[in-house]
>>> print(open('my_file_10.tsv').read())   # TSV, C-alpha atoms and all ligand atoms
chain	number	residue	atom	x	y	z
X	1	MET	CA	76.33	100.39	65.17
X	2	ALA	CA	77.42	102.78	62.48
X	3	LEU	CA	77.82	106.28	63.80
X	4	LYS	CA	78.76	109.15	61.64
X	5	VAL	CA	79.11	112.64	63.02
X	6	VAL	CA	78.88	115.42	60.51
X	7	THR	CA	79.55	119.05	61.37
X	8	ILE	CA	78.15	122.03	59.58
X	9	ASP	CA	81.25	122.24	57.43
X	10	ASP	CA	80.10	119.07	55.71
X	11	LEU	CA	76.76	120.49	54.71
X	12	PRO	CA	76.08	122.03	51.33
X	13	ILE	CA	75.78	125.79	51.57
X	14	GLY	CA	72.38	127.22	52.47
X	15	PRO	CA	69.41	125.52	54.03
X	16	GLY	CA	68.50	123.61	50.85
X	17	ASP	CA	64.80	124.18	51.34
X	18	VAL	CA	62.95	120.87	51.44
X	19	SER	CA	59.68	122.57	52.22
X	20	GLY	CA	57.76	125.02	50.11
X	21	ALA	CA	58.49	123.77	46.63
X	22	ALA	CA	56.83	120.44	47.21
X	23	VAL	CA	54.26	120.61	44.49
X	24	SER	CA	56.66	121.55	41.74
X	25	LEU	CA	59.07	118.94	43.06
X	26	VAL	CA	56.38	116.35	42.67
X	27	ASP	CA	55.35	117.41	39.23
X	28	THR	CA	58.55	118.16	37.48
X	29	ARG	CA	61.49	116.38	38.99
X	30	GLY	CA	62.48	112.89	38.07
X	31	LEU	CA	62.92	110.14	40.59
X	32	GLY	CA	66.68	110.16	40.34
X	33	ASP	CA	66.85	113.68	41.74
X	34	TYR	CA	65.58	112.69	45.14
X	35	GLU	CA	67.59	111.47	48.00
X	36	ALA	CA	66.82	108.48	50.06
X	37	CYS	CA	66.71	109.02	53.78
X	38	MET	CA	68.59	107.94	56.83
X	39	GLY	CA	72.30	107.75	56.18
X	40	SER	CA	72.27	108.14	52.44
X	41	LEU	CA	75.38	109.97	51.41
X	42	ARG	CA	75.32	113.19	49.51
X	43	THR	CA	77.35	113.17	46.38
X	44	GLU	CA	77.42	116.85	45.52
X	45	SER	CA	80.41	118.87	46.62
X	46	SER	CA	80.02	120.58	49.94
X	47	ALA	CA	81.21	123.97	51.02
X	48	PRO	CA	81.71	125.45	54.46
X	49	VAL	CA	78.85	127.59	55.67
X	50	LEU	CA	80.25	131.01	56.35
X	51	GLY	CA	79.59	133.05	59.43
X	52	TYR	CA	79.00	130.30	61.99
X	53	PRO	CA	81.44	130.49	64.88
X	54	SER	CA	82.65	127.00	65.75
X	55	ARG	CA	81.08	127.09	69.21
X	56	ARG	CA	77.70	127.10	67.49
X	57	ARG	CA	78.37	124.17	65.25
X	58	PHE	CA	75.58	122.04	64.00
X	59	THR	CA	76.07	118.38	64.76
X	60	LEU	CA	74.37	115.60	62.85
X	61	ASP	CA	74.67	112.06	64.21
X	62	VAL	CA	73.88	109.45	61.62
X	63	LEU	CA	72.90	106.31	63.54
X	64	ILE	CA	72.00	104.42	60.42
X	65	GLU	CA	74.16	104.40	57.34
X	66	GLU	CA	73.13	103.61	53.78
X	67	ALA	CA	74.13	99.94	54.02
X	68	ASP	CA	72.12	99.49	57.25
X	69	ARG	CA	69.19	101.33	55.73
X	70	LEU	CA	69.14	99.07	52.69
X	71	ALA	CA	69.45	95.95	54.83
X	72	LEU	CA	66.52	97.13	56.98
X	73	LEU	CA	64.44	98.01	53.93
X	74	ARG	CA	65.12	94.60	52.40
X	75	ALA	CA	64.11	92.80	55.60
X	76	GLU	CA	60.97	94.89	56.22
X	77	ALA	CA	59.86	94.81	52.56
X	78	ARG	CA	60.31	91.05	52.38
X	79	ARG	CA	58.35	90.54	55.58
X	80	GLY	CA	55.58	92.93	54.55
X	81	LEU	CA	55.18	91.76	50.97
X	82	THR	CA	55.10	88.06	51.82
X	83	ARG	CA	52.66	88.20	54.72
X	84	ARG	CA	48.87	88.15	54.44
X	85	PRO	CA	47.46	90.70	54.32
X	86	LYS	CA	50.42	92.52	52.80
X	87	GLU	CA	51.67	95.66	54.48
X	88	LEU	CA	54.57	98.10	54.31
X	89	PRO	CA	55.92	100.04	57.31
X	90	PRO	CA	55.25	103.79	57.05
X	91	LYS	CA	58.83	104.89	57.66
X	92	TRP	CA	59.61	104.15	54.00
X	93	PHE	CA	57.32	106.96	52.78
X	94	TYR	CA	59.83	109.49	53.96
X	95	ASP	CA	62.61	109.86	51.47
X	96	GLU	CA	63.32	113.43	50.40
X	97	ARG	CA	60.37	113.43	48.00
X	98	GLY	CA	58.08	111.83	50.59
X	99	SER	CA	59.00	114.47	53.17
X	100	ALA	CA	58.32	117.20	50.61
X	101	LEU	CA	54.94	115.62	49.87
X	102	PHE	CA	54.12	115.38	53.58
X	103	ASP	CA	55.01	119.03	53.90
X	104	ALA	CA	52.56	119.79	51.09
X	105	ILE	CA	49.88	117.76	52.94
X	106	THR	CA	50.28	120.00	55.99
X	107	SER	CA	49.00	123.01	54.06
X	108	LEU	CA	46.09	121.29	52.28
X	109	PRO	CA	42.66	122.77	53.09
X	110	GLU	CA	41.34	119.33	54.13
X	111	TYR	CA	44.29	118.51	56.41
X	112	TYR	CA	43.28	120.54	59.47
X	113	LEU	CA	45.69	118.79	61.88
X	114	THR	CA	48.77	120.96	61.37
X	115	ARG	CA	46.85	124.23	61.52
X	116	ARG	CA	45.06	123.19	64.71
X	117	GLU	CA	48.22	122.06	66.43
X	118	ARG	CA	49.99	125.25	65.43
X	119	ALA	CA	47.11	127.32	66.82
X	120	ILE	CA	47.37	125.52	70.17
X	121	LEU	CA	51.14	125.98	70.28
X	122	ARG	CA	50.81	129.66	69.51
X	123	VAL	CA	48.62	130.16	72.57
X	124	ARG	CA	50.30	127.68	74.94
X	125	ALA	CA	54.02	127.69	74.16
X	126	ALA	CA	54.88	130.24	76.85
X	127	GLU	CA	52.98	128.21	79.46
X	128	ILE	CA	54.77	125.02	78.37
X	129	ALA	CA	58.11	126.80	78.60
X	130	ALA	CA	57.29	128.04	82.11
X	131	ILE	CA	56.17	124.62	83.36
X	132	THR	CA	59.07	122.68	81.90
X	133	GLY	CA	61.97	125.14	82.12
X	134	ALA	CA	63.63	122.90	79.57
X	135	ARG	CA	67.31	123.14	78.80
X	136	THR	CA	67.12	120.46	76.11
X	137	LEU	CA	64.26	120.17	73.63
X	138	VAL	CA	64.15	116.83	71.83
X	139	GLU	CA	61.75	116.43	68.91
X	140	LEU	CA	60.78	112.98	67.68
X	141	GLY	CA	59.89	112.73	63.97
X	142	ALA	CA	60.92	116.36	63.65
X	143	GLY	CA	60.65	116.75	59.87
X	144	THR	CA	61.00	120.45	59.07
X	145	SER	CA	60.46	121.46	62.75
X	146	ASP	CA	58.22	124.21	61.48
X	147	LYS	CA	55.66	124.35	64.34
X	148	THR	CA	58.45	123.60	66.81
X	149	ARG	CA	59.77	127.10	66.27
X	150	LEU	CA	56.92	128.31	68.49
X	151	LEU	CA	58.28	126.18	71.34
X	152	ILE	CA	61.86	127.16	70.63
X	153	ASP	CA	60.84	130.83	70.66
X	154	ALA	CA	59.14	130.45	74.04
X	155	LEU	CA	61.96	128.45	75.63
X	156	ASP	CA	64.50	130.87	74.19
X	157	ALA	CA	62.57	133.85	75.58
X	158	ALA	CA	62.42	132.13	78.99
X	159	GLY	CA	66.20	131.84	78.77
X	160	THR	CA	66.42	128.13	79.62
X	161	LEU	CA	66.95	126.45	76.26
X	162	GLU	CA	70.46	125.46	75.21
X	163	THR	CA	70.13	122.57	72.79
X	164	PHE	CA	67.59	121.41	70.26
X	165	VAL	CA	67.78	117.74	69.30
X	166	PRO	CA	65.65	116.92	66.22
X	167	PHE	CA	65.39	113.16	65.61
X	168	ASP	CA	64.11	111.79	62.32
X	169	VAL	CA	64.61	109.01	59.84
X	170	CYS	CA	64.83	111.55	57.01
X	171	ARG	CA	68.30	113.02	56.80
X	172	PRO	CA	67.67	115.64	54.10
X	173	ALA	CA	64.85	117.11	56.21
X	174	LEU	CA	67.12	117.37	59.27
X	175	GLU	CA	69.92	118.96	57.28
X	176	ALA	CA	67.65	121.60	55.80
X	177	ALA	CA	65.92	122.36	59.09
X	178	GLY	CA	69.19	122.36	61.04
X	179	ALA	CA	70.85	124.92	58.80
X	180	ALA	CA	67.79	127.19	58.92
X	181	LEU	CA	67.45	126.95	62.73
X	182	LEU	CA	71.07	127.80	63.28
X	183	ASP	CA	70.54	130.89	61.25
X	184	GLU	CA	67.38	131.89	63.11
X	185	TYR	CA	68.56	131.21	66.67
X	186	PRO	CA	72.04	132.54	67.31
X	187	ARG	CA	72.16	131.17	70.87
X	188	LEU	CA	70.98	127.66	70.05
X	189	ALA	CA	73.06	124.51	69.56
X	190	VAL	CA	71.44	121.99	67.21
X	191	HIS	CA	72.28	118.33	67.64
X	192	ALA	CA	70.35	116.50	64.95
X	193	VAL	CA	70.09	112.71	65.01
X	194	VAL	CA	69.22	110.54	62.01
X	195	GLY	CA	67.72	107.33	63.34
X	196	ASP	CA	64.74	105.03	63.53
X	197	PHE	CA	62.16	105.06	66.35
X	198	ASP	CA	62.31	101.28	66.37
X	199	LEU	CA	66.07	101.10	66.91
X	200	HIS	CA	67.71	104.26	68.17
X	201	LEU	CA	65.62	106.01	70.82
X	202	GLY	CA	68.10	104.99	73.51
X	203	GLU	CA	70.86	106.90	71.74
X	204	ILE	CA	69.17	110.29	71.75
X	205	PRO	CA	71.42	112.73	73.62
X	206	HIS	CA	69.81	114.88	76.31
X	207	GLU	CA	71.26	116.90	79.12
X	208	GLY	CA	69.56	118.61	82.04
X	209	ARG	CA	65.84	119.32	82.19
X	210	THR	CA	64.45	117.77	79.05
X	211	LEU	CA	61.24	118.31	77.13
X	212	MET	CA	60.56	115.68	74.52
X	213	ALA	CA	58.04	116.74	71.89
X	214	PHE	CA	56.18	114.38	69.57
X	215	LEU	CA	53.98	116.49	67.33
X	216	GLY	CA	51.76	115.97	64.32
X	217	SER	CA	49.84	113.03	65.82
X	218	THR	CA	52.69	110.82	64.64
X	219	ILE	CA	52.10	108.78	67.82
X	220	GLY	CA	48.83	107.74	66.18
X	221	ASN	CA	50.77	106.02	63.43
X	222	PHE	CA	51.90	103.32	65.90
X	223	PRO	CA	49.65	100.31	66.46
X	224	VAL	CA	48.55	100.18	70.10
X	225	GLU	CA	51.06	97.57	71.33
X	226	ALA	CA	53.97	99.40	69.69
X	227	ARG	CA	52.66	102.68	71.08
X	228	VAL	CA	52.60	101.35	74.63
X	229	ARG	CA	56.11	99.98	74.17
X	230	LEU	CA	57.24	103.35	72.85
X	231	LEU	CA	55.77	105.19	75.84
X	232	GLY	CA	57.65	102.90	78.22
X	233	GLU	CA	60.90	103.54	76.37
X	234	LEU	CA	60.35	107.30	76.43
X	235	ARG	CA	59.59	107.26	80.16
X	236	ASP	CA	62.82	105.33	80.83
X	237	LEU	CA	64.80	107.61	78.55
X	238	LEU	CA	63.43	110.79	80.16
X	239	GLY	CA	63.73	109.63	83.75
X	240	ALA	CA	62.01	111.25	86.75
X	241	GLY	CA	61.24	114.92	86.17
X	242	GLY	CA	61.40	114.71	82.37
X	243	PHE	CA	58.56	116.12	80.29
X	244	PHE	CA	56.72	114.69	77.29
X	245	LEU	CA	54.60	116.87	74.99
X	246	VAL	CA	52.42	115.01	72.53
X	247	GLY	CA	50.09	116.12	69.75
X	248	THR	CA	47.07	113.88	69.12
X	249	ASP	CA	44.27	114.17	66.61
X	250	LEU	CA	40.86	113.57	68.23
X	251	VAL	CA	37.92	111.39	67.19
X	252	LYS	CA	35.43	113.44	65.21
X	253	ASP	CA	32.97	113.46	62.39
X	254	ARG	CA	33.80	110.76	59.90
X	255	ALA	CA	33.44	112.96	56.81
X	256	ARG	CA	36.12	115.35	58.03
X	257	LEU	CA	38.49	112.52	58.89
X	258	ASP	CA	37.99	110.89	55.51
X	259	ALA	CA	38.51	114.21	53.72
X	260	ALA	CA	41.75	114.88	55.61
X	261	TYR	CA	43.27	111.73	54.11
X	262	ASN	CA	41.66	111.99	50.65
X	263	ASP	CA	42.46	115.48	49.46
X	264	SER	CA	41.02	116.70	46.18
X	265	ARG	CA	44.44	117.52	44.68
X	266	GLY	CA	45.74	113.98	45.09
X	267	ILE	CA	48.77	114.96	47.17
X	268	THR	CA	47.94	112.36	49.83
X	269	ALA	CA	47.59	109.70	47.14
X	270	ALA	CA	51.00	110.67	45.73
X	271	PHE	CA	52.47	110.50	49.24
X	272	ASN	CA	50.99	107.06	49.81
X	273	ARG	CA	52.29	105.78	46.47
X	274	ASN	CA	55.71	107.26	47.13
X	275	VAL	CA	56.58	104.11	49.05
X	276	LEU	CA	56.35	102.22	45.76
X	277	ARG	CA	58.90	104.57	44.19
X	278	VAL	CA	61.22	103.98	47.13
X	279	LEU	CA	60.98	100.23	46.54
X	280	ASN	CA	61.57	100.71	42.82
X	281	ARG	CA	64.65	102.83	43.38
X	282	ASP	CA	66.21	101.06	46.34
X	283	LEU	CA	65.17	97.45	45.78
X	284	ASP	CA	65.10	97.50	42.01
X	285	ALA	CA	61.38	96.74	41.95
X	286	ASP	CA	58.99	97.43	39.07
X	287	PHE	CA	55.84	98.76	40.74
X	288	VAL	CA	53.74	100.86	38.34
X	289	GLU	CA	52.21	103.60	40.47
X	290	HIS	CA	48.91	104.01	38.63
X	291	ARG	CA	48.16	100.32	39.02
X	292	PHE	CA	47.64	101.05	42.73
X	293	GLU	CA	44.82	103.14	44.11
X	294	HIS	CA	45.08	105.23	47.27
X	295	LEU	CA	42.50	104.28	49.93
X	296	ALA	CA	41.90	105.92	53.29
X	297	ALA	CA	38.83	105.54	55.46
X	298	PHE	CA	37.96	106.03	59.12
X	299	ASP	CA	37.19	102.81	60.94
X	300	PRO	CA	34.84	103.83	63.77
X	301	GLU	CA	35.29	100.54	65.66
X	302	GLN	CA	39.03	100.87	65.98
X	303	GLU	CA	38.94	104.68	65.86
X	304	LEU	CA	41.65	104.94	63.24
X	305	VAL	CA	42.06	105.99	59.63
X	306	ASP	CA	43.20	102.95	57.73
X	307	ILE	CA	45.47	103.87	54.82
X	308	ARG	CA	46.08	101.38	52.06
X	309	LEU	CA	47.13	100.83	48.47
X	310	ARG	CA	44.75	98.70	46.42
X	311	SER	CA	45.90	96.83	43.36
X	312	ARG	CA	43.63	97.90	40.49
X	313	VAL	CA	44.42	94.76	38.48
X	314	GLU	CA	45.80	91.30	38.95
X	315	GLN	CA	49.54	91.73	38.61
X	316	THR	CA	52.93	90.37	39.56
X	317	VAL	CA	55.59	92.79	40.72
X	318	ARG	CA	59.25	91.86	40.55
X	319	VAL	CA	61.46	92.97	43.46
X	320	ALA	CA	64.87	92.16	42.02
X	321	ALA	CA	66.95	92.97	45.11
X	322	LEU	CA	64.92	90.38	47.04
X	323	ASP	CA	64.73	87.93	44.16
X	324	LEU	CA	61.00	88.03	44.85
X	325	ASP	CA	57.91	88.01	42.63
X	326	VAL	CA	54.93	89.46	44.45
X	327	ARG	CA	51.49	88.54	43.18
X	328	PHE	CA	48.57	90.91	43.74
X	329	ALA	CA	44.99	89.86	43.11
X	330	ALA	CA	42.74	92.46	41.47
X	331	GLY	CA	41.40	94.58	44.35
X	332	GLU	CA	43.93	93.27	46.87
X	333	GLU	CA	44.73	95.80	49.56
X	334	MET	CA	48.06	96.46	51.24
X	335	ARG	CA	48.17	98.52	54.44
X	336	THR	CA	50.74	101.33	54.46
X	337	GLU	CA	49.70	103.36	57.54
X	338	ILE	CA	47.21	103.78	60.33
X	339	SER	CA	46.36	107.10	61.89
X	340	THR	CA	44.72	106.55	65.27
X	341	LYS	CA	42.27	109.14	66.54
X	342	PHE	CA	42.21	109.70	70.29
X	343	GLN	CA	39.88	110.58	73.15
X	344	ARG	CA	41.03	112.22	76.34
X	345	GLU	CA	40.21	109.61	79.01
X	346	PRO	CA	41.65	106.52	77.32
X	347	LEU	CA	44.78	108.48	76.39
X	348	GLU	CA	45.17	109.63	80.00
X	349	ARG	CA	44.81	106.05	81.22
X	350	GLU	CA	47.40	104.84	78.74
X	351	LEU	CA	49.95	107.48	79.69
X	352	SER	CA	49.33	107.03	83.42
X	353	ALA	CA	49.86	103.28	83.04
X	354	SER	CA	53.21	104.09	81.40
X	355	GLY	CA	54.33	106.24	84.33
X	356	PHE	CA	53.40	109.73	83.12
X	357	ALA	CA	51.45	112.25	85.23
X	358	PRO	CA	49.28	114.86	83.48
X	359	ALA	CA	50.73	118.38	83.41
X	360	GLY	CA	48.53	120.05	80.79
X	361	TRP	CA	45.76	119.34	78.28
X	362	TRP	CA	44.96	121.91	75.61
X	363	THR	CA	42.76	121.81	72.53
X	364	ASP	CA	41.95	124.25	69.76
X	365	ARG	CA	38.68	126.13	69.96
X	366	ALA	CA	36.86	123.60	67.77
X	367	GLY	CA	38.13	120.68	69.87
X	368	ASP	CA	39.69	119.00	66.82
X	369	PHE	CA	43.19	118.36	68.13
X	370	ALA	CA	44.84	118.05	71.53
X	371	LEU	CA	48.27	118.93	72.77
X	372	SER	CA	49.07	117.40	76.14
X	373	LEU	CA	51.99	117.67	78.52
X	374	TRP	CA	53.13	114.87	80.84
X	375	ARG	CA	55.71	114.62	83.58
X	376	VAL	CA	57.54	111.43	84.41
X	377	GLY	CA	56.51	110.71	88.00
W	401	LIG	N1	56.71	116.62	63.19
W	401	LIG	C1	56.27	116.99	61.84
W	401	LIG	C2	56.36	115.81	60.86
W	401	LIG	C3	55.38	114.70	61.09
W	401	LIG	S1	55.43	113.48	59.79
W	401	LIG	C4	54.88	117.54	61.91
W	401	LIG	O1	54.29	117.54	62.99
W	401	LIG	O2	54.36	117.98	60.90
W	401	LIG	C5	56.26	112.15	60.59
W	401	LIG	C6	57.77	112.36	60.69
W	401	LIG	O3	58.30	111.20	61.36
W	401	LIG	C7	58.48	112.45	59.36
W	401	LIG	O4	59.39	113.53	59.36
W	401	LIG	C8	59.20	111.11	59.21
W	401	LIG	O5	60.41	111.20	58.48
W	401	LIG	C9	59.42	110.69	60.66
W	401	LIG	N2	59.44	109.24	60.84
W	401	LIG	C10	58.55	108.33	60.37
W	401	LIG	N3	58.87	107.08	60.76
W	401	LIG	C11	60.00	107.21	61.50
W	401	LIG	C12	60.83	106.26	62.18
W	401	LIG	N4	60.55	104.95	62.17
W	401	LIG	N5	61.90	106.73	62.86
W	401	LIG	C13	62.17	108.08	62.88
W	401	LIG	N6	61.43	109.01	62.24
W	401	LIG	C14	60.36	108.58	61.56
W	402	LIG	N1	51.06	111.68	61.21
W	402	LIG	C1	50.27	111.96	60.04
W	402	LIG	C2	48.82	111.62	60.34
W	402	LIG	O1	48.55	110.60	60.92
W	402	LIG	C3	50.78	111.16	58.86
W	402	LIG	C4	49.97	111.29	57.61
W	402	LIG	C5	49.28	112.36	57.17
W	402	LIG	C6	49.74	110.29	56.63
W	402	LIG	N2	48.68	112.10	55.97
W	402	LIG	C7	48.95	110.86	55.61
W	402	LIG	C8	50.16	108.99	56.50
W	402	LIG	C9	48.57	110.13	54.51
W	402	LIG	C10	49.79	108.28	55.38
W	402	LIG	C11	49.00	108.83	54.37
W	402	LIG	O2	47.95	112.39	60.03
>>> encode(input="my_file_10.tsv", output="structure tokens", more="lines below")
Ligand code: SAH
Ligand code: TRP
Amino acid sequence: MALKVVTIDDLPIGPGDVSGAAVSLVDTRGLGDYEACMGSLRTESSAPVLGYPSRRRFTLDVLIEEADRLALLRAEARRGLTRRPKELPPKWFYDERGSALFDAITSLPEYYLTRRERAILRVRAAEIAAITGARTLVELGAGTSDKTRLLIDALDAAGTLETFVPFDVCRPALEAAGAALLDEYPRLAVHAVVGDFDLHLGEIPHEGRTLMAFLGSTIGNFPVEARVRLLGELRDLLGAGGFFLVGTDLVKDRARLDAAYNDSRGITAAFNRNVLRVLNRDLDADFVEHRFEHLAAFDPEQELVDIRLRSRVEQTVRVAALDLDVRFAAGEEMRTEISTKFQREPLERELSASGFAPAGWWTDRAGDFALSLWRVG
């Protein structure tokens, strides 16, 4: 297993803001300007970040290097593009551009999830800090760790928190967030880990009382069998007394769910199609973005938003790195993501069956989104 440890001295100066400028990034920057994720290596020169005493160094563990990333992408793209129906795993959305696009999604008027979860955290963070008394806060799929600052603030105020461990497949996002957090929290050590949920959960470092947070309803992006497997792994990783905090979007009115994944500015469509750009860049493919239409619709039977790309025409796409020609029929759909919507009782049953005991259930005033806390029994 490739392991690369990078200290803050290896980072380019400044937080290199991934968030914020997403829309202009999308509109004006060429593909070549974006970084891939995971262990992709920066090529620009780096400079030491001044003013950080060495005892507060930022550590970044890279559990997956560029060569591993490309091998994984090749294997998963081949599997997904040759099966019927075709599908692509969602992790490949999140290169630097994809993460910037996701960040833009979180402030769209239609995408209520982030605002609701933040509202719950604002009210409940102190309570969560008091219940857990966490010394280590791990965040799965951390991204920019923006909402997480509310938890860090509360745990910092309670005086228990020592280390924040953001885990994500997107290295540029972790680097940017890590530098900013170090600046904002002078007492905090940040141990960021670049890895894949499917491969590296067991290598997440955690010491003492641990709170593991999984926000943004990212758990809803796992199909049910994979989700149950994940919960078992997290329970084993946390051990007795560990805490799990999970954000889940709730079943609601279909029109609002559909709107949340079909915004009027087309940011979600650009995010969905970003996976095609990743394949073009990293597997030397020749997908033409506008030949694929973004589709997202709530399926009330399965209680999930099904997110797909539909080929507008009959076409054959060449994926040179796989020596593969992929034929699409006109109207053929390829799944890129699911976003499961939850209800309290079935979720409680699922977590109990995985060895978690309920320690808190909180929703926003409208009942749109739930944040729940669980203790490994
Ligand atoms: N926690 C943030 C971001 C959610 S988006 C929020 O609540 O807004 C989902 C995040 O999970 C992204 O940052 C993405 O890079 C990460 N991610 C997706 N698939 C992953 C995988 N297989 N392994 C690790 N991280 C993954
Ligand atoms: N975790 C997010 C969600 O399920 C991911 C997401 C938001 C997403 N918008 C998207 C995934 C659009 C694919 C397409 O809401």
>>> residues_around(input="my_file_10.tsv", residues="Gly216 in chain X", least_positions_apart="5", cutoff="8 Å", atoms="only C-alpha atoms", output="list in words")
Leu113, Thr114, Glu117, Gly247 and Thr248 of chain X
>>> residues_near_ligand(input="my_file_10.tsv", ligand="ligand LIG 401 (chain W)", cutoff="6 Å", atoms="all atoms listed in the file", output="PDB file with C-alpha atoms, keeping the file's coordinate frame")
ATOM      1  CA  LYS X  91      58.830 104.890  57.660  1.00  0.00           C
ATOM      2  CA  TYR X  94      59.830 109.490  53.960  1.00  0.00           C
ATOM      3  CA  GLY X 141      59.890 112.730  63.970  1.00  0.00           C
ATOM      4  CA  ALA X 142      60.920 116.360  63.650  1.00  0.00           C
ATOM      5  CA  GLY X 143      60.650 116.750  59.870  1.00  0.00           C
ATOM      6  CA  ASP X 168      64.110 111.790  62.320  1.00  0.00           C
ATOM      7  CA  VAL X 169      64.610 109.010  59.840  1.00  0.00           C
ATOM      8  CA  CYS X 170      64.830 111.550  57.010  1.00  0.00           C
ATOM      9  CA  GLY X 195      67.720 107.330  63.340  1.00  0.00           C
ATOM     10  CA  ASP X 196      64.740 105.030  63.530  1.00  0.00           C
ATOM     11  CA  PHE X 197      62.160 105.060  66.350  1.00  0.00           C
ATOM     12  CA  ASP X 198      62.310 101.280  66.370  1.00  0.00           C
ATOM     13  CA  LEU X 215      53.980 116.490  67.330  1.00  0.00           C
ATOM     14  CA  GLY X 216      51.760 115.970  64.320  1.00  0.00           C
ATOM     15  CA  THR X 218      52.690 110.820  64.640  1.00  0.00           C
TER      16      THR X 218
END
>>> residues_around(input="my_file_10.tsv", residues="Tyr261 in chain X", least_positions_apart="4", cutoff="7 Å", atoms="all atoms listed in the file", output="ChimeraX atom specification")
/X:257,268,296
>>> atom_distance(input="my_file_10.tsv", atom1="CA of Leu155 in chain X", atom2="CA of Leu60 in chain X")
22.0 Å
>>> closest_residue(input="my_file_10.tsv", among="X:Ala189, X:Val62, X:Ala130, X:Ala176", to="Ala359 in chain X", atoms="all atoms listed in the file")
X:Ala130
>>> residues_near_ligand(input="my_file_10.tsv", ligand="ligand LIG 402 (chain W)", cutoff="8 Å", atoms="only C-alpha atoms and all ligand atoms", output="ChimeraX atom specification")
/X:90,102,105-106,111,113,216-221,249,260-261,268-269,271-272,296,307,336-340
>>> residues_around(input="my_file_10.tsv", residues="Thr210 in chain X", least_positions_apart="4", cutoff="8 Å", atoms="all atoms listed in the file", output="NGL selection string")
:X and (132 or 134-138 or 206 or 238 or 242-243)
>>> closest_residue(input="my_file_10.tsv", among="X:Ala192, X:Val275, X:Ala71, X:Leu201", to="Arg97 in chain X", atoms="only C-alpha atoms")
X:Val275
>>> atom_distance(input="my_file_10.tsv", atom1="CA of Leu140 in chain X", atom2="CA of Phe167 in chain X")
5.1 Å
>>> atom_distance(input="my_file_10.tsv", atom1="CA of Arg291 in chain X", atom2="CA of Arg310 in chain X")
8.3 Å
>>> residues_near_point(input="my_file_10.tsv", point="(39.1, 91.7, 40.1)", cutoff="12 Å", atoms="all atoms listed in the file", output="PDB file with C-alpha atoms, in the frame of the given file")
ATOM      1  CA  ARG X 310      44.750  98.700  46.420  1.00  0.00           C
ATOM      2  CA  SER X 311      45.900  96.830  43.360  1.00  0.00           C
ATOM      3  CA  ARG X 312      43.630  97.900  40.490  1.00  0.00           C
ATOM      4  CA  VAL X 313      44.420  94.760  38.480  1.00  0.00           C
ATOM      5  CA  GLU X 314      45.800  91.300  38.950  1.00  0.00           C
ATOM      6  CA  GLN X 315      49.540  91.730  38.610  1.00  0.00           C
ATOM      7  CA  PHE X 328      48.570  90.910  43.740  1.00  0.00           C
ATOM      8  CA  ALA X 329      44.990  89.860  43.110  1.00  0.00           C
ATOM      9  CA  ALA X 330      42.740  92.460  41.470  1.00  0.00           C
ATOM     10  CA  GLY X 331      41.400  94.580  44.350  1.00  0.00           C
ATOM     11  CA  GLU X 332      43.930  93.270  46.870  1.00  0.00           C
ATOM     12  CA  GLU X 333      44.730  95.800  49.560  1.00  0.00           C
TER      13      GLU X 333
END
>>> closest_residue(input="my_file_10.tsv", among="X:Arg273, X:His294, X:Arg78, X:Arg265", to="Val319 in chain X", atoms="all atoms listed in the file")
X:Arg78
>>> closest_residue(input="my_file_10.tsv", among="X:Thr160, X:Asn262, X:Ser107, X:Gln302", to="Lys341 in chain X", atoms="only C-alpha atoms")
X:Gln302
